[in-house]
file data_21.cif (mmCIF, C-alpha atoms and all ligand atoms)
data_run
loop_
_atom_site.label_atom_id
_atom_site.label_comp_id
_atom_site.auth_asym_id
_atom_site.auth_seq_id
_atom_site.Cartn_x
_atom_site.Cartn_y
_atom_site.Cartn_z
CA MET A 1 28.67 -73.57 15.70
CA ALA A 2 25.23 -72.44 16.75
CA ALA A 3 24.41 -72.39 20.45
CA THR A 4 23.41 -75.80 21.68
CA PHE A 5 20.50 -74.59 23.75
CA ALA A 6 17.99 -71.81 23.66
CA ALA A 7 17.32 -69.51 26.55
CA VAL A 8 13.63 -69.12 27.27
CA ASN A 9 12.23 -66.11 29.05
CA PRO A 10 10.58 -67.64 32.13
CA ALA A 11 8.04 -64.85 32.30
CA LYS A 12 6.83 -65.77 28.83
CA LEU A 13 6.69 -69.44 29.75
CA LEU A 14 4.53 -68.68 32.72
CA THR A 15 2.23 -66.46 30.74
CA SER A 16 1.83 -68.78 27.82
CA SER A 17 1.02 -71.87 29.84
CA SER A 18 -1.02 -70.44 32.66
CA SER A 19 -4.28 -69.92 30.83
CA ASN A 20 -5.54 -73.49 30.86
CA ARG A 21 -4.73 -74.59 34.35
CA SER A 22 -6.13 -73.98 37.79
CA PRO A 23 -4.08 -71.95 40.27
CA LEU A 24 -1.44 -73.92 42.14
CA PRO A 25 -2.90 -74.58 45.59
CA HIS A 26 0.34 -74.93 47.49
CA PHE A 27 1.76 -71.48 47.02
CA HIS A 28 1.58 -68.89 49.70
CA SER A 29 2.26 -65.21 49.44
CA ARG A 30 5.37 -65.39 51.61
CA PRO A 31 8.49 -67.56 51.41
CA LEU A 32 7.66 -71.15 52.25
CA VAL A 33 10.72 -71.82 54.35
CA SER A 34 12.94 -69.72 56.49
CA PHE A 35 15.95 -70.72 58.53
CA SER A 36 16.64 -69.50 61.99
CA THR A 37 19.87 -67.57 62.14
CA SER A 38 20.14 -67.52 65.91
CA ILE A 39 23.40 -68.54 67.53
CA ARG A 40 22.77 -70.38 70.76
CA THR A 41 26.23 -69.86 72.21
CA PRO A 42 27.43 -66.61 70.71
CA SER A 43 31.10 -66.67 71.43
CA ALA A 44 32.99 -64.23 69.21
CA ASN A 45 35.95 -66.60 69.10
CA LEU A 46 33.89 -69.31 67.52
CA VAL A 47 32.69 -67.22 64.64
CA SER A 48 35.12 -67.02 61.76
CA ALA A 49 35.74 -63.85 59.80
CA ARG A 50 33.74 -65.24 56.96
CA SER A 51 30.75 -66.19 59.05
CA ARG A 52 30.60 -62.72 60.60
CA HIS A 53 29.57 -61.48 57.21
CA SER A 54 27.11 -64.26 56.77
CA PRO A 55 24.07 -64.60 59.00
CA VAL A 56 23.70 -68.21 57.96
CA ALA A 57 26.96 -69.67 59.22
CA VAL A 58 26.29 -70.54 62.84
CA SER A 59 28.59 -71.86 65.53
CA ALA A 60 27.30 -74.63 67.75
CA ALA A 61 28.17 -75.23 71.40
CA SER A 62 30.93 -77.64 70.40
CA GLY A 63 32.81 -74.86 68.65
CA SER A 64 32.39 -76.42 65.26
CA GLN A 65 31.37 -74.17 62.44
CA HIS A 66 28.10 -75.01 60.77
CA LEU A 67 27.61 -73.79 57.24
CA ILE A 68 24.23 -73.64 55.59
CA GLY A 69 23.02 -72.01 52.43
CA SER A 70 20.73 -69.02 52.67
CA LEU A 71 17.33 -68.80 51.05
CA THR A 72 17.36 -65.04 51.29
CA LYS A 73 20.76 -64.04 49.92
CA THR A 74 19.83 -64.77 46.32
CA GLU A 75 21.17 -61.61 44.70
CA GLY A 76 23.48 -62.46 41.83
CA LEU A 77 22.74 -66.18 41.92
CA ARG A 78 22.17 -67.64 38.44
CA PHE A 79 20.22 -70.80 37.72
CA ALA A 80 19.72 -73.10 34.74
CA VAL A 81 16.58 -75.22 34.62
CA VAL A 82 16.65 -78.30 32.38
CA VAL A 83 13.13 -79.52 31.64
CA ALA A 84 12.09 -82.75 29.92
CA ARG A 85 9.21 -82.36 27.45
CA PHE A 86 8.09 -85.99 27.95
CA ASN A 87 4.89 -85.88 30.04
CA GLU A 88 4.83 -82.16 29.33
CA VAL A 89 1.51 -81.58 31.07
CA VAL A 90 3.28 -82.50 34.28
CA THR A 91 6.70 -80.98 33.64
CA ASN A 92 5.13 -77.62 32.74
CA LEU A 93 3.44 -77.57 36.16
CA LEU A 94 6.72 -78.46 37.86
CA LEU A 95 8.49 -75.73 35.91
CA GLU A 96 5.85 -73.18 36.85
CA GLY A 97 6.26 -74.17 40.50
CA ALA A 98 10.02 -73.76 40.23
CA LEU A 99 9.82 -70.36 38.52
CA GLU A 100 7.25 -69.16 41.03
CA THR A 101 9.58 -70.15 43.86
CA PHE A 102 12.56 -68.40 42.26
CA ARG A 103 10.39 -65.30 41.94
CA ARG A 104 9.24 -65.51 45.59
CA TYR A 105 12.83 -65.73 46.73
CA SER A 106 13.85 -62.74 44.63
CA VAL A 107 15.90 -64.51 41.98
CA ARG A 108 15.87 -62.20 38.98
CA GLU A 109 14.23 -63.48 35.78
CA GLU A 110 17.30 -62.58 33.77
CA ASP A 111 19.34 -64.88 36.02
CA ILE A 112 17.30 -67.93 35.00
CA THR A 113 17.82 -69.92 31.80
CA VAL A 114 15.31 -72.63 30.89
CA VAL A 115 16.48 -75.41 28.56
CA LYS A 116 14.02 -77.95 27.15
CA VAL A 117 15.08 -81.51 26.27
CA PRO A 118 13.04 -84.41 24.80
CA GLY A 119 12.93 -86.70 27.84
CA SER A 120 14.40 -87.27 31.27
CA PHE A 121 17.08 -89.52 29.80
CA GLU A 122 18.50 -86.47 27.99
CA ILE A 123 18.67 -84.29 31.11
CA PRO A 124 22.08 -85.31 32.52
CA VAL A 125 24.27 -84.52 29.51
CA VAL A 126 22.70 -81.07 29.25
CA ALA A 127 22.95 -80.48 33.00
CA GLN A 128 26.63 -81.37 32.88
CA LYS A 129 27.30 -79.00 29.98
CA LEU A 130 25.46 -76.17 31.73
CA GLY A 131 27.29 -76.85 34.99
CA ARG A 132 30.64 -76.84 33.23
CA SER A 133 29.85 -73.58 31.43
CA GLY A 134 30.60 -71.62 34.59
CA ASN A 135 27.52 -69.50 34.01
CA TYR A 136 25.32 -70.95 36.74
CA HIS A 137 25.43 -71.45 40.49
CA ALA A 138 23.06 -74.43 40.29
CA VAL A 139 21.29 -76.51 37.66
CA LEU A 140 17.75 -77.60 38.42
CA CYS A 141 16.61 -80.71 36.54
CA ILE A 142 12.90 -81.30 35.99
CA GLY A 143 11.20 -84.35 34.53
CA ALA A 144 8.42 -86.89 35.08
CA VAL A 145 8.99 -90.59 34.59
CA ILE A 146 5.83 -92.70 34.85
CA ARG A 147 5.84 -96.49 34.96
CA GLY A 148 4.52 -98.24 31.85
CA ASP A 149 4.21 -101.94 30.98
CA THR A 150 7.88 -102.69 30.47
CA THR A 151 11.15 -102.17 32.31
CA HIS A 152 11.75 -98.94 30.37
CA TYR A 153 10.70 -96.99 33.47
CA GLU A 154 13.60 -98.30 35.56
CA ALA A 155 16.10 -97.55 32.82
CA VAL A 156 14.96 -93.96 32.36
CA ALA A 157 14.42 -93.21 36.06
CA ASN A 158 17.73 -94.71 37.18
CA SER A 159 19.68 -93.11 34.35
CA ALA A 160 18.19 -89.72 35.12
CA ALA A 161 18.98 -90.01 38.83
CA SER A 162 22.54 -91.27 38.48
CA GLY A 163 23.15 -89.00 35.50
CA VAL A 164 22.10 -85.87 37.36
CA MET A 165 24.28 -86.88 40.29
CA SER A 166 27.24 -87.45 37.96
CA ALA A 167 26.63 -84.11 36.27
CA GLY A 168 26.92 -82.39 39.63
CA LEU A 169 30.00 -84.32 40.70
CA GLU A 170 31.73 -83.91 37.39
CA SER A 171 30.97 -80.21 36.92
CA GLY A 172 31.33 -79.19 40.57
CA VAL A 173 28.07 -77.29 40.28
CA PRO A 174 25.05 -78.46 42.30
CA CYS A 175 22.66 -80.32 39.99
CA ILE A 176 19.30 -80.76 41.67
CA PHE A 177 17.05 -83.76 41.05
CA GLY A 178 13.54 -82.50 40.40
CA VAL A 179 12.51 -85.55 38.39
CA LEU A 180 9.35 -87.33 39.52
CA THR A 181 9.46 -91.13 39.36
CA CYS A 182 5.89 -92.36 39.79
CA GLU A 183 3.73 -95.44 39.41
CA ASN A 184 0.88 -93.68 37.64
CA MET A 185 -0.46 -90.31 36.51
CA ASP A 186 -2.46 -89.79 39.73
CA GLN A 187 0.68 -90.00 41.84
CA THR A 188 2.41 -87.73 39.39
CA LEU A 189 -0.20 -84.96 39.34
CA ASN A 190 -0.42 -85.07 43.12
CA ARG A 191 3.25 -84.05 43.17
CA ALA A 192 2.92 -81.39 40.49
CA GLY A 193 0.72 -78.97 42.42
CA GLY A 194 -1.81 -81.45 43.80
CA LYS A 195 -2.24 -83.08 47.21
CA ALA A 196 1.45 -83.74 47.73
CA GLY A 197 2.61 -80.24 46.81
CA ASN A 198 4.72 -79.14 43.90
CA LYS A 199 8.05 -80.93 43.74
CA GLY A 200 9.32 -78.43 41.17
CA ALA A 201 8.88 -75.68 43.76
CA GLU A 202 10.62 -77.79 46.41
CA ALA A 203 13.49 -78.56 44.08
CA ALA A 204 13.90 -74.85 43.32
CA LEU A 205 14.32 -74.20 47.05
CA THR A 206 16.99 -76.87 47.16
CA ALA A 207 18.70 -75.23 44.19
CA ILE A 208 18.72 -71.85 45.95
CA GLU A 209 20.10 -73.30 49.18
CA MET A 210 22.84 -75.24 47.40
CA ALA A 211 23.76 -72.30 45.16
CA SER A 212 24.08 -70.11 48.23
CA LEU A 213 26.08 -72.73 50.13
CA PHE A 214 28.59 -72.96 47.30
CA GLU A 215 28.72 -69.26 46.55
CA HIS A 216 28.85 -67.93 50.10
CA HIS A 217 30.69 -70.67 51.99
CA LEU A 218 32.46 -73.22 49.81
CA LYS A 219 34.33 -71.08 47.30
N1 LIG A 301 9.01 -92.85 29.34
C1 LIG A 301 9.48 -91.67 29.72
C2 LIG A 301 10.55 -91.07 29.02
N2 LIG A 301 11.07 -91.71 27.97
C3 LIG A 301 11.87 -91.05 27.01
C4 LIG A 301 13.33 -91.00 27.40
O1 LIG A 301 13.53 -90.04 28.40
C5 LIG A 301 14.20 -90.61 26.22
O2 LIG A 301 13.77 -89.39 25.71
C6 LIG A 301 14.19 -91.64 25.09
O3 LIG A 301 14.49 -92.92 25.60
C7 LIG A 301 15.23 -91.28 24.02
O4 LIG A 301 16.55 -91.24 24.56
N3 LIG A 301 11.01 -89.87 29.43
C8 LIG A 301 10.48 -89.22 30.50
O5 LIG A 301 10.93 -88.11 30.85
N4 LIG A 301 9.44 -89.79 31.17
C9 LIG A 301 8.93 -91.00 30.83
O6 LIG A 301 7.97 -91.47 31.48
C1 LIG A 302 8.73 -94.41 31.45
C2 LIG A 302 8.25 -95.36 30.54
O1 LIG A 302 8.81 -96.32 30.70
C3 LIG A 302 7.04 -95.43 29.69
O2 LIG A 302 6.63 -94.32 29.05
C4 LIG A 302 7.23 -96.55 28.71
O3 LIG A 302 6.14 -97.37 28.80
P1 LIG A 302 6.20 -98.91 28.44
O4 LIG A 302 7.02 -99.58 29.49
O5 LIG A 302 4.75 -99.35 28.48
O6 LIG A 302 6.81 -99.04 27.07
#
call {"tool": "encode", "arguments": {"input": "data_21.cif", "output": "structure tokens"}}
result
Amino acid sequence: MAATFAAVNPAKLLTSSSSNRSPLPHFHSRPLVSFSTSIRTPSANLVSARSRHSPVAVSAASGSQHLIGSLTKTEGLRFAVVVARFNEVVTNLLLEGALETFRRYSVREEDITVVKVPGSFEIPVVAQKLGRSGNYHAVLCIGAVIRGDTTHYEAVANSAASGVMSAGLESGVPCIFGVLTCENMDQTLNRAGGKAGNKGAEAALTAIEMASLFEHHLK
């Protein structure tokens, strides 16, 4: 049977859609977030063999081991991005934000697969399949659900949210919820590179952290 999804070169996506939009205002030239790796009570006995090799596993005063994903150890991490085409003007901006973040944090383009689906309702089943494939360390889900006149909004938004959660639980691969659920287009655009930032970029950071947590600490 033919492949059920098509891989899209993210570089091409960025190029093809960047001509008719203004630059995203919330991007900076350096990584947006960094975690302190300092150990306040550096007792050798408290640091496990594994954490010695990982600057992001820190031991607290209590002696408990604290594990946290790294935003900098991205080498070899592979990501799938499932994007709803519904409200495409918005989801393209979210996708661009996500790809820009992956690039800033040194995720290689060839380690990113973008899969387009009709609407947010279709995201979970694809996320689950991608998670189960074993090919990805995290699946980032992007969509934009905007309230209309009927109760359709609740159905789509709630299904997307619980479906993405189920996809993660069922596949064992972090599935990240980058689906906007907004009252109107103003609210939506504000969160797709406007006043409230770019939630696609934020969700990509979450994907990196979770992928690292699983890969470096929870295997
Ligand atoms: N209204 C929105 C939808 N609706 C479409 C559904 O997601 C789905 O494709 C359809 O019901 C067929 O199963 N999708 C969004 O992503 N955003 C919306 O605002
Ligand atoms: C998300 C939606 O519900 C929307 O596109 C549908 O609008 P309506 O409730 O007016 O049919």
call {"tool": "closest_residue", "arguments": {"input": "data_21.cif", "among": "A:Asp149, A:Glu100, A:Glu110, A:Glu202", "to": "ligand LIG 302 (chain A)", "atoms": "only C-alpha atoms and all ligand atoms"}}
result
A:Asp149
call {"tool": "closest_residue", "arguments": {"input": "data_21.cif", "among": "A:Val173, A:Leu93, A:Val117, A:Val107", "to": "Gly134 of chain A", "atoms": "all atoms listed in the file"}}
result
A:Val173
call {"tool": "residues_near_ligand", "arguments": {"input": "data_21.cif", "ligand": "ligand LIG 302 (chain A)", "cutoff": "8 Å", "atoms": "only C-alpha atoms and all ligand atoms", "output": "list in words"}}
result
Val145, Ile146, Arg147, Gly148, Asp149, Thr150, Thr151, His152, Tyr153, Glu154, Ala155, Val156 and Ala157 of chain A
call {"tool": "closest_residue", "arguments": {"input": "data_21.cif", "among": "A:Thr206, A:Ser166, A:Asn87, A:Asn135", "to": "Asn184 of chain A", "atoms": "all atoms listed in the file"}}
result
A:Asn87
call {"tool": "atom_distance", "arguments": {"input": "data_21.cif", "atom1": "atom CA of Pro118 of chain A", "atom2": "atom CA of Gly143 of chain A"}}
result
9.9 Å
call {"tool": "residues_around", "arguments": {"input": "data_21.cif", "residues": "Gln187 of chain A", "least_positions_apart": "3", "cutoff": "12 Å", "atoms": "only C-alpha atoms", "output": "list of chain:residue names"}}
result
A:Val90, A:Ala144, A:Val145, A:Ile146, A:Arg147, A:Leu180, A:Thr181, A:Cys182, A:Glu183, A:Asn184, A:Asn190, A:Arg191, A:Ala192, A:Gly193, A:Gly194, A:Lys195, A:Ala196, A:Gly197, A:Asn198, A:Lys199
call {"tool": "atom_distance", "arguments": {"input": "data_21.cif", "atom1": "atom C4 of ligand LIG 301 (chain A)", "atom2": "atom CA of Ala84 of chain A"}}
result
8.7 Å
call {"tool": "atom_distance", "arguments": {"input": "data_21.cif", "atom1": "atom CA of Ile176 of chain A", "atom2": "atom CA of Val126 of chain A"}}
result
12.9 Å
call {"tool": "residues_around", "arguments": {"input": "data_21.cif", "residues": "Glu122 of chain A", "least_positions_apart": "6", "cutoff": "10 Å", "atoms": "only C-alpha atoms", "output": "ChimeraX atom specification"}}
result
/A:82-84,116,156,159-160,163
call {"tool": "closest_residue", "arguments": {"input": "data_21.cif", "among": "A:Cys141, A:Met185, A:Leu213, A:Ala127", "to": "Ser171 of chain A", "atoms": "all atoms listed in the file"}}
result
A:Ala127
call {"tool": "closest_residue", "arguments": {"input": "data_21.cif", "among": "A:Ile142, A:Ala207, A:Leu189, A:Ala161", "to": "Phe102 of chain A", "atoms": "only C-alpha atoms"}}
result
A:Ala207
call {"tool": "closest_residue", "arguments": {"input": "data_21.cif", "among": "A:His137, A:Arg132, A:Arg85, A:His217", "to": "ligand LIG 301 (chain A)", "atoms": "all atoms listed in the file"}}
result
A:Arg85
call {"tool": "axis_aligned_box", "arguments": {"input": "data_21.cif", "around": "segment 74-80 of chain A", "padding_each_side": "8 Å", "output": "lines of an AutoDock Vina configuration file"}}
result
center_x = 21.6
center_y = -67.4
center_z = 40.5
size_x = 19.8
size_y = 27.5
size_z = 27.6
